[in-house]
Amino acid sequence: MLNELKNEWKKAIEKELRSYLSTDDIPELSIGQPPKPDMGDAAFPMFPYSKLAHKAPAAIASDIAERMTEHPAGVMIPTGPYLNIRFDIPAMADSILSSVMESGDSYGRNDSGKGRKVMIEFSCPNTNKPLHLGHMRNDSLGEAVSQLIKATGADVMKVNLINNRGVHICKSMLAYRMFGNGETPESTGEKGDHFVGRYYVRFAQWEKEVEEARKANPDIASDPSFVDPDAEAQAMLRAWEAGDSEVRELWEKMNKWTLDGLFESYRNMGISFDKLYYESETYKLGRGEVMRGLDLGVFKKEEDGSVQVDLAPIGLDKKVLLRRDGTTLYITQDIGTAVRRHEDWPFDSLIYVVATEQNYHFKVLFYILGLLGYKWADELHHLAYGMVNLPEGKMKSREGTVVDADDLLSELSALARAEIIEKGRENEVGDVDETARKIALGALNYYLLQVQPQRDMVFNPKESISFSGNTGPYLQYTAARISSILRKAEAEKESFEGAESDGRLLVNEDEKTLLKAIADFPEAVRKAADGYDPSIIAAALYDSAKTFSHYYHDNQILKAETKELSVTRIKLARALLQMMKNGFLLLGIPYLESM
């Protein structure tokens with residue numbers, strides 16, 4: 001709506017610029033937002049045209065404003081180097097509000113992705129430990145980006161590659177064999193992934209103990225009773241790959257414990273997948289692709305017998321794809337897995353949600369798949385996200401200093417529960433524990449998604465659960481407050497009989513700001529989906545909630561000066577609530593009618 005009008009202005013100004021500069025070859029005009037409402041509703045910078053016109057940007061803005069005698073609806077305001085435009089927002093209000101009410105839960109969605117198949121890989125946990133805070137950012141991002149792309153009309157498949165084999169898995173298994181004494185999650189009362197993760201930490205402790213013993217006695221390795229944990233873990237991996245029945249039985253048992261725990265965590269976090277891949281089934285995939293690359297001449301067999309690819313065309317060194325003994329590497333597996341996935345579900349695009357540390361890996365992977373002739377390699381994308389740290393520093397799984405996902409959700413739920421009880425809201429919210437859980441989930445997802453994906457962030461649990469400030473609970477509370485207003489309006493509807501809403505009555509700055517936010521929401525969804533950036537939606541929701549809080553503090557809604565104004569403001573509140581609920585769904589924030 002507003003976006004269409006802005007684009008009309010863009011085309012009109014570009015046309016005038018081409019005439020003004022006597023050339024069709026001009027830089028594309030960008031659309032910005034003035035920093036203050038009184039400066040207008042759209043800003044068009046004139047900087048790119050200064051050299052062509054041999055004039056200062058401010059002079060160009062004034063000249064263009066004078067020349068444009070015919071233009072779309074709006075008032076031009078030359079503001080320094082910008083040509084700003086002010087729209088008659090109240091005149092558009094009825095159209096904006098009606099559009100929201102007609103679309104309902106679909107408001108903000110579009111069909112730009114209709115007909116496309118998009119696969120999104122995220123989470124990808126190891127089966128030697130529970131999910132931690134880093135996984136939670138990955139999962140929140142993956143789920144939110146999936147929802148955003150679905151909002152463009154695309155068909156989305158969410159996939160998860162479970163890393164259930166390798167030496168790191170054997171470390172937990174070996175520690176359990178050495179120190180477990182037959183205990184089980186059932187016997188200890190632990191969740192399965194926590195139980196197995198405890199043995200991963202125990203292996204690291206064992207390594208330290210052996211290292212200290214070696215320092216104290218350098219000849220200890222010659223003792224027949226000496227056991228080298230790392231050598232034993234490697235030996236166990238070889239036994240697993242050889243199909244050793246005892247090792248396989250232990251592996252299957254411990255993997256099940258972990259997976260049962262992981263999927264309980266996913267359910268608690270509202271995370272789901274359409275298809276699971278397991279590394280134990282995919283790690284040999286890719287060997288055939290590497291051999292085919294040799295036949296094509298895009299890979300080379302080196303003198304030592306290894307197969308490598310020359311990455312000079314993308315500014316990198318050579319990369320080994322098969323070791324000289326013929327064994328595969330992680331990238332070999334990823335090559336094969338990508339091919340298998342396209343065979344399983346011929347996607348138009350595949351997005352990998354993986355931390356920034358893997359930038360090199362995906363640059364190489366995508367290049368190799370292109371060399372192998374897969375045209376869809378151009379539609380592979382790495383959604384790289386930054387690290388999540390704690391206020392006290394970086395987390396370390398091997399040392400057991402990570403923030404466990406289950407523990408964090410429990411802590412946030414407890415904090416939310418305490419807040420509800422402290423405010424005496426038990427009767428209003430109904431099920432206190434369920435409400436607290438939903439507040440915790442909203443706090444977690446919003447806090448993780450409000451930051452642009454590529455940026456590192458610090459997660460502060462107490463800050464995230466606050467009912468004020470830039471937090472999920474603040475958004476939930478604002479939505480609940482609007483719901484309360486609408487319930488009262490429904491209860492008092494007889495007092496508004498005969499009054500008709502009129503958007504032209506919405507003339508104060510907060511009302512116009514809210515109308516613009518509602519009108520701009522579909523464009524925010526489009527930008528967030530195109531850029532794989534849920535923080536755009538988070539910012540739109542927070543800005544709207546903050547504006548509404550200010551507006552509600554200073555203005556009457558149900559008892560406005562006239563019935564017509566009350567009815568119109570109720571309609572504005574209803575549209576804002578619909579927009580917020582739709583945004584909540586995209587970010588995984590539960591909507592609560594009461595808080």
# chains A, B, ... in the order shown; residues from 1 in each chain; ligands from 1
>>> residues_around(residues="Pro185 of chain A", least_positions_apart="3", cutoff="10 Å", atoms="only C-alpha atoms", output="ChimeraX atom specification")
/A:188-196,254,257-258
>>> select_by_dssp(residues="segment 302-366 of chain A", states="helix (DSSP H, G or I)", output="PyMOL selection string")
chain A and resi 312-314+330-344+356-366
>>> write_last_selection(atoms="N, CA and C atoms", output="mmCIF file, in the first residue's frame")
data_model
loop_
_atom_site.group_PDB
_atom_site.id
_atom_site.type_symbol
_atom_site.label_atom_id
_atom_site.label_comp_id
_atom_site.auth_asym_id
_atom_site.auth_seq_id
_atom_site.Cartn_x
_atom_site.Cartn_y
_atom_site.Cartn_z
ATOM 1 N N ALA A 312 41.950 -22.443 -6.869
ATOM 2 C CA ALA A 312 42.543 -21.166 -7.275
ATOM 3 C C ALA A 312 41.532 -20.221 -7.913
ATOM 4 N N PRO A 313 40.581 -20.704 -8.731
ATOM 5 C CA PRO A 313 39.611 -19.788 -9.343
ATOM 6 C C PRO A 313 38.761 -19.017 -8.337
ATOM 7 N N ILE A 314 38.653 -19.505 -7.113
ATOM 8 C CA ILE A 314 37.901 -18.750 -6.101
ATOM 9 C C ILE A 314 38.839 -18.224 -5.011
ATOM 10 N N TYR A 330 34.540 -34.785 5.602
ATOM 11 C CA TYR A 330 33.208 -34.228 5.845
ATOM 12 C C TYR A 330 32.646 -33.594 4.584
ATOM 13 N N ILE A 331 33.504 -32.904 3.821
ATOM 14 C CA ILE A 331 33.003 -32.237 2.615
ATOM 15 C C ILE A 331 32.562 -33.255 1.572
ATOM 16 N N THR A 332 33.221 -34.432 1.555
ATOM 17 C CA THR A 332 32.811 -35.488 0.627
ATOM 18 C C THR A 332 31.376 -35.895 0.932
ATOM 19 N N GLN A 333 31.101 -36.053 2.222
ATOM 20 C CA GLN A 333 29.741 -36.399 2.647
ATOM 21 C C GLN A 333 28.759 -35.321 2.228
ATOM 22 N N ASP A 334 29.101 -34.052 2.426
ATOM 23 C CA ASP A 334 28.176 -32.976 2.109
ATOM 24 C C ASP A 334 27.885 -32.889 0.614
ATOM 25 N N ILE A 335 28.878 -33.221 -0.195
ATOM 26 C CA ILE A 335 28.651 -33.255 -1.645
ATOM 27 C C ILE A 335 27.571 -34.283 -1.960
ATOM 28 N N GLY A 336 27.754 -35.483 -1.455
ATOM 29 C CA GLY A 336 26.796 -36.554 -1.708
ATOM 30 C C GLY A 336 25.428 -36.280 -1.112
ATOM 31 N N THR A 337 25.400 -35.703 0.082
ATOM 32 C CA THR A 337 24.131 -35.426 0.743
ATOM 33 C C THR A 337 23.321 -34.399 -0.042
ATOM 34 N N ALA A 338 23.994 -33.364 -0.566
ATOM 35 C CA ALA A 338 23.296 -32.350 -1.365
ATOM 36 C C ALA A 338 22.676 -32.985 -2.606
ATOM 37 N N VAL A 339 23.437 -33.849 -3.261
ATOM 38 C CA VAL A 339 22.924 -34.526 -4.459
ATOM 39 C C VAL A 339 21.736 -35.415 -4.096
ATOM 40 N N ARG A 340 21.851 -36.163 -3.009
ATOM 41 C CA ARG A 340 20.763 -37.041 -2.564
ATOM 42 C C ARG A 340 19.504 -36.227 -2.257
ATOM 43 N N ARG A 341 19.688 -35.102 -1.601
ATOM 44 C CA ARG A 341 18.538 -34.286 -1.244
ATOM 45 C C ARG A 341 17.799 -33.800 -2.487
ATOM 46 N N HIS A 342 18.563 -33.374 -3.495
ATOM 47 C CA HIS A 342 17.915 -32.902 -4.713
ATOM 48 C C HIS A 342 17.197 -34.048 -5.420
ATOM 49 N N GLU A 343 17.730 -35.249 -5.294
ATOM 50 C CA GLU A 343 17.052 -36.424 -5.854
ATOM 51 C C GLU A 343 15.765 -36.710 -5.070
ATOM 52 N N ASP A 344 15.839 -36.556 -3.748
ATOM 53 C CA ASP A 344 14.673 -36.829 -2.898
ATOM 54 C C ASP A 344 13.556 -35.810 -3.123
ATOM 55 N N THR A 356 29.051 -18.918 11.318
ATOM 56 C CA THR A 356 30.003 -18.255 10.419
ATOM 57 C C THR A 356 31.343 -18.975 10.324
ATOM 58 N N GLU A 357 31.668 -19.811 11.326
ATOM 59 C CA GLU A 357 32.951 -20.540 11.274
ATOM 60 C C GLU A 357 33.033 -21.452 10.050
ATOM 61 N N GLN A 358 31.901 -21.767 9.466
ATOM 62 C CA GLN A 358 31.878 -22.678 8.316
ATOM 63 C C GLN A 358 31.780 -21.946 6.974
ATOM 64 N N ASN A 359 32.116 -20.662 6.949
ATOM 65 C CA ASN A 359 32.061 -19.903 5.691
ATOM 66 C C ASN A 359 32.929 -20.558 4.609
ATOM 67 N N TYR A 360 34.136 -20.949 4.982
ATOM 68 C CA TYR A 360 35.052 -21.574 4.015
ATOM 69 C C TYR A 360 34.441 -22.869 3.479
ATOM 70 N N HIS A 361 33.930 -23.683 4.364
ATOM 71 C CA HIS A 361 33.383 -24.982 3.975
ATOM 72 C C HIS A 361 32.307 -24.834 2.898
ATOM 73 N N PHE A 362 31.388 -23.896 3.111
ATOM 74 C CA PHE A 362 30.280 -23.779 2.167
ATOM 75 C C PHE A 362 30.695 -23.094 0.871
ATOM 76 N N LYS A 363 31.643 -22.201 0.950
ATOM 77 C CA LYS A 363 32.161 -21.610 -0.280
ATOM 78 C C LYS A 363 32.759 -22.699 -1.171
ATOM 79 N N VAL A 364 33.506 -23.602 -0.553
ATOM 80 C CA VAL A 364 34.127 -24.704 -1.283
ATOM 81 C C VAL A 364 33.067 -25.689 -1.775
ATOM 82 N N LEU A 365 32.125 -26.049 -0.911
ATOM 83 C CA LEU A 365 31.083 -27.009 -1.270
ATOM 84 C C LEU A 365 30.286 -26.534 -2.484
ATOM 85 N N PHE A 366 29.857 -25.285 -2.452
ATOM 86 C CA PHE A 366 29.040 -24.768 -3.549
ATOM 87 C C PHE A 366 29.841 -24.739 -4.854
#
>>> residues_around(residues="Leu371 of chain A", least_positions_apart="5", cutoff="10 Å", atoms="only C-alpha atoms", output="list in words")
Gly293, Leu296, Gly297, Val298, Phe299, Val309, Leu365, Phe366 and Ala377 of chain A
>>> closest_residue(among="A:Leu321, A:Leu262, A:Ile351, A:Met76", to="Val159 of chain A", atoms="only C-alpha atoms")
A:Ile351
>>> closest_residue(among="A:Ser594, A:Pro391, A:Gly115, A:Lys215", to="Asn427 of chain A", atoms="only C-alpha atoms")
A:Ser594
>>> closest_residue(among="A:Val247, A:Ala73, A:Leu441, A:Ala144", to="Trp9 of chain A", atoms="only C-alpha atoms")
A:Ala73
>>> residues_around(residues="Leu572 of chain A", least_positions_apart="5", cutoff="10 Å", atoms="only C-alpha atoms", output="mmCIF file with N, CA and C atoms, in the first residue's frame")
data_model
loop_
_atom_site.group_PDB
_atom_site.id
_atom_site.type_symbol
_atom_site.label_atom_id
_atom_site.label_comp_id
_atom_site.auth_asym_id
_atom_site.auth_seq_id
_atom_site.Cartn_x
_atom_site.Cartn_y
_atom_site.Cartn_z
ATOM 1 N N ALA A 93 -6.150 5.807 5.720
ATOM 2 C CA ALA A 93 -6.358 4.949 6.893
ATOM 3 C C ALA A 93 -7.433 3.889 6.669
ATOM 4 N N ASP A 94 -8.580 4.279 6.127
ATOM 5 C CA ASP A 94 -9.658 3.300 5.937
ATOM 6 C C ASP A 94 -9.212 2.165 5.030
ATOM 7 N N ILE A 96 -6.106 1.131 4.561
ATOM 8 C CA ILE A 96 -5.099 0.339 5.279
ATOM 9 C C ILE A 96 -5.773 -0.625 6.256
ATOM 10 N N LEU A 97 -6.686 -0.102 7.057
ATOM 11 C CA LEU A 97 -7.329 -0.923 8.084
ATOM 12 C C LEU A 97 -8.227 -1.993 7.463
ATOM 13 N N SER A 98 -8.914 -1.645 6.407
ATOM 14 C CA SER A 98 -9.776 -2.631 5.748
ATOM 15 C C SER A 98 -8.957 -3.761 5.142
ATOM 16 N N VAL A 100 -6.196 -4.993 6.272
ATOM 17 C CA VAL A 100 -5.796 -5.912 7.347
ATOM 18 C C VAL A 100 -6.969 -6.801 7.747
ATOM 19 N N SER A 501 -16.833 4.283 11.812
ATOM 20 C CA SER A 501 -15.415 4.635 11.853
ATOM 21 C C SER A 501 -15.067 5.505 10.662
ATOM 22 N N GLY A 503 -11.364 6.868 9.090
ATOM 23 C CA GLY A 503 -9.911 6.931 9.206
ATOM 24 C C GLY A 503 -9.344 8.329 9.179
ATOM 25 N N LEU A 506 -7.930 9.875 12.386
ATOM 26 C CA LEU A 506 -6.663 9.437 12.983
ATOM 27 C C LEU A 506 -5.554 10.391 12.579
ATOM 28 N N GLU A 511 -0.908 7.869 15.901
ATOM 29 C CA GLU A 511 -1.847 7.155 15.044
ATOM 30 C C GLU A 511 -1.294 6.998 13.634
ATOM 31 N N LEU A 514 1.468 4.397 13.654
ATOM 32 C CA LEU A 514 0.927 3.030 13.700
ATOM 33 C C LEU A 514 0.348 2.622 12.347
ATOM 34 N N LEU A 515 -0.355 3.526 11.707
ATOM 35 C CA LEU A 515 -0.909 3.233 10.384
ATOM 36 C C LEU A 515 0.191 2.923 9.376
ATOM 37 N N ILE A 518 1.611 -0.532 10.104
ATOM 38 C CA ILE A 518 0.709 -1.586 9.632
ATOM 39 C C ILE A 518 0.787 -1.709 8.110
ATOM 40 N N ILE A 557 -9.206 5.421 24.190
ATOM 41 C CA ILE A 557 -9.686 4.650 23.044
ATOM 42 C C ILE A 557 -11.184 4.419 23.172
ATOM 43 N N SER A 566 -13.862 6.867 18.898
ATOM 44 C CA SER A 566 -13.645 5.616 19.644
ATOM 45 C C SER A 566 -13.720 4.416 18.710
ATOM 46 N N VAL A 567 -14.752 4.378 17.877
ATOM 47 C CA VAL A 567 -14.927 3.260 16.953
ATOM 48 C C VAL A 567 -13.733 3.159 16.006
ATOM 49 N N LEU A 577 -3.330 -5.368 16.390
ATOM 50 C CA LEU A 577 -3.234 -6.680 17.027
ATOM 51 C C LEU A 577 -3.092 -7.785 15.975
ATOM 52 N N GLN A 578 -3.830 -7.688 14.889
ATOM 53 C CA GLN A 578 -3.720 -8.698 13.837
ATOM 54 C C GLN A 578 -2.310 -8.714 13.249
#
>>> select_by_dssp(residues="segment 79-166 of chain A", states="strand (DSSP E or B)", output="PyMOL selection string")
chain A and resi 79+82-86+117-121+126+132+155-163
>>> residues_around(residues="Gln450 of chain A", least_positions_apart="4", cutoff="12 Å", atoms="only C-alpha atoms", output="CSV table (one decimal) with N, CA and C atoms, in the first residue's frame")
chain,number,residue,atom,x,y,z
A,137,ARG,N,19.9,-20.7,18.9
A,137,ARG,CA,19.9,-19.6,17.9
A,137,ARG,C,19.8,-20.2,16.5
A,140,SER,N,16.1,-21.3,16.3
A,140,SER,CA,15.2,-20.2,16.1
A,140,SER,C,15.3,-19.5,14.8
A,141,LEU,N,16.5,-19.4,14.3
A,141,LEU,CA,16.7,-18.8,12.9
A,141,LEU,C,16.1,-19.7,11.9
A,144,ALA,N,12.3,-19.6,12.0
A,144,ALA,CA,11.7,-18.3,11.6
A,144,ALA,C,11.9,-18.1,10.1
A,442,GLY,N,8.6,-17.1,24.1
A,442,GLY,CA,8.6,-15.8,23.4
A,442,GLY,C,9.9,-15.0,23.8
A,443,ALA,N,10.3,-15.0,25.0
A,443,ALA,CA,11.5,-14.3,25.4
A,443,ALA,C,12.7,-14.9,24.7
A,444,LEU,N,12.8,-16.2,24.6
A,444,LEU,CA,14.0,-16.8,24.0
A,444,LEU,C,14.0,-16.5,22.5
A,445,ASN,N,12.9,-16.8,21.8
A,445,ASN,CA,13.0,-16.6,20.4
A,445,ASN,C,13.2,-15.1,20.0
A,446,TYR,N,12.5,-14.2,20.7
A,446,TYR,CA,12.6,-12.8,20.3
A,446,TYR,C,14.1,-12.3,20.6
A,454,GLN,N,24.1,-12.4,11.2
A,454,GLN,CA,25.6,-12.5,11.0
A,454,GLN,C,26.3,-11.9,12.2
A,455,ARG,N,25.6,-11.2,13.1
A,455,ARG,CA,26.3,-10.6,14.2
A,455,ARG,C,26.4,-11.5,15.4
A,456,ASP,N,27.6,-11.4,16.1
A,456,ASP,CA,27.7,-12.1,17.4
A,456,ASP,C,26.8,-11.5,18.4
A,457,MET,N,26.4,-12.2,19.4
A,457,MET,CA,25.5,-11.6,20.4
A,457,MET,C,25.8,-12.2,21.8
A,458,VAL,N,25.3,-11.4,22.8
A,458,VAL,CA,25.4,-11.9,24.2
A,458,VAL,C,24.0,-12.1,24.7
A,459,PHE,N,23.8,-13.3,25.2
A,459,PHE,CA,22.4,-13.7,25.7
A,459,PHE,C,22.4,-13.5,27.2
A,464,SER,N,16.3,-10.9,29.0
A,464,SER,CA,15.4,-11.4,27.9
A,464,SER,C,14.0,-11.6,28.4
A,470,ASN,N,13.0,-3.9,25.1
A,470,ASN,CA,13.0,-4.6,23.8
A,470,ASN,C,13.1,-6.1,24.0
A,471,THR,N,12.0,-6.7,24.4
A,471,THR,CA,11.9,-8.1,24.8
A,471,THR,C,10.7,-8.7,24.2
A,472,GLY,N,10.7,-10.1,24.2
A,472,GLY,CA,9.5,-10.8,23.8
A,472,GLY,C,8.3,-10.6,24.7
A,528,ALA,N,12.4,-9.3,4.9
A,528,ALA,CA,13.0,-10.3,5.9
A,528,ALA,C,13.1,-11.7,5.2
A,533,ASP,N,16.4,-12.7,7.2
A,533,ASP,CA,16.7,-11.8,8.4
A,533,ASP,C,15.4,-11.5,9.2
A,534,PRO,N,15.1,-12.4,10.2
A,534,PRO,CA,13.9,-12.2,11.0
A,534,PRO,C,14.0,-10.9,11.9
A,535,SER,N,15.2,-10.4,12.0
A,535,SER,CA,15.4,-9.2,12.9
A,535,SER,C,14.6,-8.0,12.3
A,536,ILE,N,14.3,-8.0,11.0
A,536,ILE,CA,13.5,-7.0,10.4
A,536,ILE,C,12.0,-7.0,11.0
A,537,ILE,N,11.5,-8.2,11.2
A,537,ILE,CA,10.2,-8.3,11.7
A,537,ILE,C,10.2,-8.0,13.2
A,538,ALA,N,11.3,-8.4,13.9
A,538,ALA,CA,11.4,-8.1,15.3
A,538,ALA,C,11.4,-6.6,15.6
A,539,ALA,N,12.1,-5.9,14.7
A,539,ALA,CA,12.2,-4.4,14.8
A,539,ALA,C,10.9,-3.8,14.6
A,540,ALA,N,10.1,-4.3,13.5
A,540,ALA,CA,8.8,-3.7,13.2
A,540,ALA,C,7.8,-3.9,14.4
A,541,LEU,N,7.9,-5.1,15.0
A,541,LEU,CA,7.0,-5.4,16.1
A,541,LEU,C,7.3,-4.5,17.3
A,542,TYR,N,8.6,-4.4,17.6
A,542,TYR,CA,9.0,-3.6,18.8
A,542,TYR,C,8.6,-2.1,18.6
A,543,ASP,N,8.9,-1.6,17.5
A,543,ASP,CA,8.6,-0.2,17.2
A,543,ASP,C,7.1,0.1,17.3
A,587,LEU,N,7.9,-15.4,14.1
A,587,LEU,CA,9.1,-15.4,15.0
A,587,LEU,C,9.0,-16.5,16.0
>>> atom_distance(atom1="atom CA of Pro45 of chain A", atom2="atom CA of Ala65 of chain A")
12.8 Å
>>> closest_atom_pairs(of="segment 480-530 of chain A", to="segment 24-41 of chain A", cutoff="12 Å", atoms="only C-alpha atoms", output="JSON lines")
{"residue": "A:Asn508", "atom": "CA", "partner": "A:Pro37", "partner_atom": "CA", "distance": 11.0}
{"residue": "A:Glu509", "atom": "CA", "partner": "A:Pro37", "partner_atom": "CA", "distance": 7.5}
{"residue": "A:Asp510", "atom": "CA", "partner": "A:Pro37", "partner_atom": "CA", "distance": 9.5}
{"residue": "A:Glu511", "atom": "CA", "partner": "A:Pro37", "partner_atom": "CA", "distance": 11.4}
{"residue": "A:Lys512", "atom": "CA", "partner": "A:Pro37", "partner_atom": "CA", "distance": 9.0}
{"residue": "A:Thr513", "atom": "CA", "partner": "A:Pro37", "partner_atom": "CA", "distance": 7.7}
{"residue": "A:Leu514", "atom": "CA", "partner": "A:Pro37", "partner_atom": "CA", "distance": 11.5}
{"residue": "A:Leu515", "atom": "CA", "partner": "A:Asp41", "partner_atom": "CA", "distance": 11.5}
{"residue": "A:Lys516", "atom": "CA", "partner": "A:Asp41", "partner_atom": "CA", "distance": 8.4}
{"residue": "A:Ala517", "atom": "CA", "partner": "A:Asp41", "partner_atom": "CA", "distance": 11.0}
{"residue": "A:Ala519", "atom": "CA", "partner": "A:Asp41", "partner_atom": "CA", "distance": 11.9}
{"residue": "A:Asp520", "atom": "CA", "partner": "A:Asp41", "partner_atom": "CA", "distance": 11.2}
>>> write_last_selection(atoms="C-alpha atoms", output="PDB file, in the first residue's frame")
ATOM      1  CA  ASN A 508      -2.167  12.507  15.780  1.00  0.00           C
ATOM      2  CA  GLU A 509       1.422  11.465  15.167  1.00  0.00           C
ATOM      3  CA  ASP A 510       1.215   8.146  17.038  1.00  0.00           C
ATOM      4  CA  GLU A 511      -1.847   7.155  15.044  1.00  0.00           C
ATOM      5  CA  LYS A 512      -0.135   7.985  11.778  1.00  0.00           C
ATOM      6  CA  THR A 513       2.981   6.119  12.872  1.00  0.00           C
ATOM      7  CA  LEU A 514       0.927   3.030  13.700  1.00  0.00           C
ATOM      8  CA  LEU A 515      -0.909   3.233  10.384  1.00  0.00           C
ATOM      9  CA  LYS A 516       2.392   3.455   8.511  1.00  0.00           C
ATOM     10  CA  ALA A 517       3.779   0.491  10.459  1.00  0.00           C
ATOM     11  CA  ALA A 519       0.835  -0.583   5.970  1.00  0.00           C
ATOM     12  CA  ASP A 520       4.568  -1.319   5.770  1.00  0.00           C
TER      13      ASP A 520
END
>>> residues_around(residues="segment 51-61 of chain A", least_positions_apart="3", cutoff="6 Å", atoms="only C-alpha atoms", output="PyMOL selection string")
chain A and resi 46-47+64+78+80-83
>>> write_last_selection(atoms="C-alpha atoms", output="mmCIF file, in the first residue's frame")
data_model
loop_
_atom_site.group_PDB
_atom_site.id
_atom_site.type_symbol
_atom_site.label_atom_id
_atom_site.label_comp_id
_atom_site.auth_asym_id
_atom_site.auth_seq_id
_atom_site.Cartn_x
_atom_site.Cartn_y
_atom_site.Cartn_z
ATOM 1 C CA MET A 46 20.176 12.862 -4.359
ATOM 2 C CA PHE A 47 23.848 12.035 -3.601
ATOM 3 C CA ILE A 64 13.537 18.313 -8.975
ATOM 4 C CA PRO A 78 13.236 19.152 -0.128
ATOM 5 C CA GLY A 80 18.977 19.134 2.427
ATOM 6 C CA PRO A 81 20.317 16.431 0.099
ATOM 7 C CA TYR A 82 17.023 14.511 0.251
ATOM 8 C CA LEU A 83 13.749 14.905 -1.556
#
>>> atom_distance(atom1="atom CA of Glu232 of chain A", atom2="atom CA of Thr282 of chain A")
24.3 Å
>>> atom_distance(atom1="atom CA of Leu294 of chain A", atom2="atom CA of Leu372 of chain A")
9.9 Å
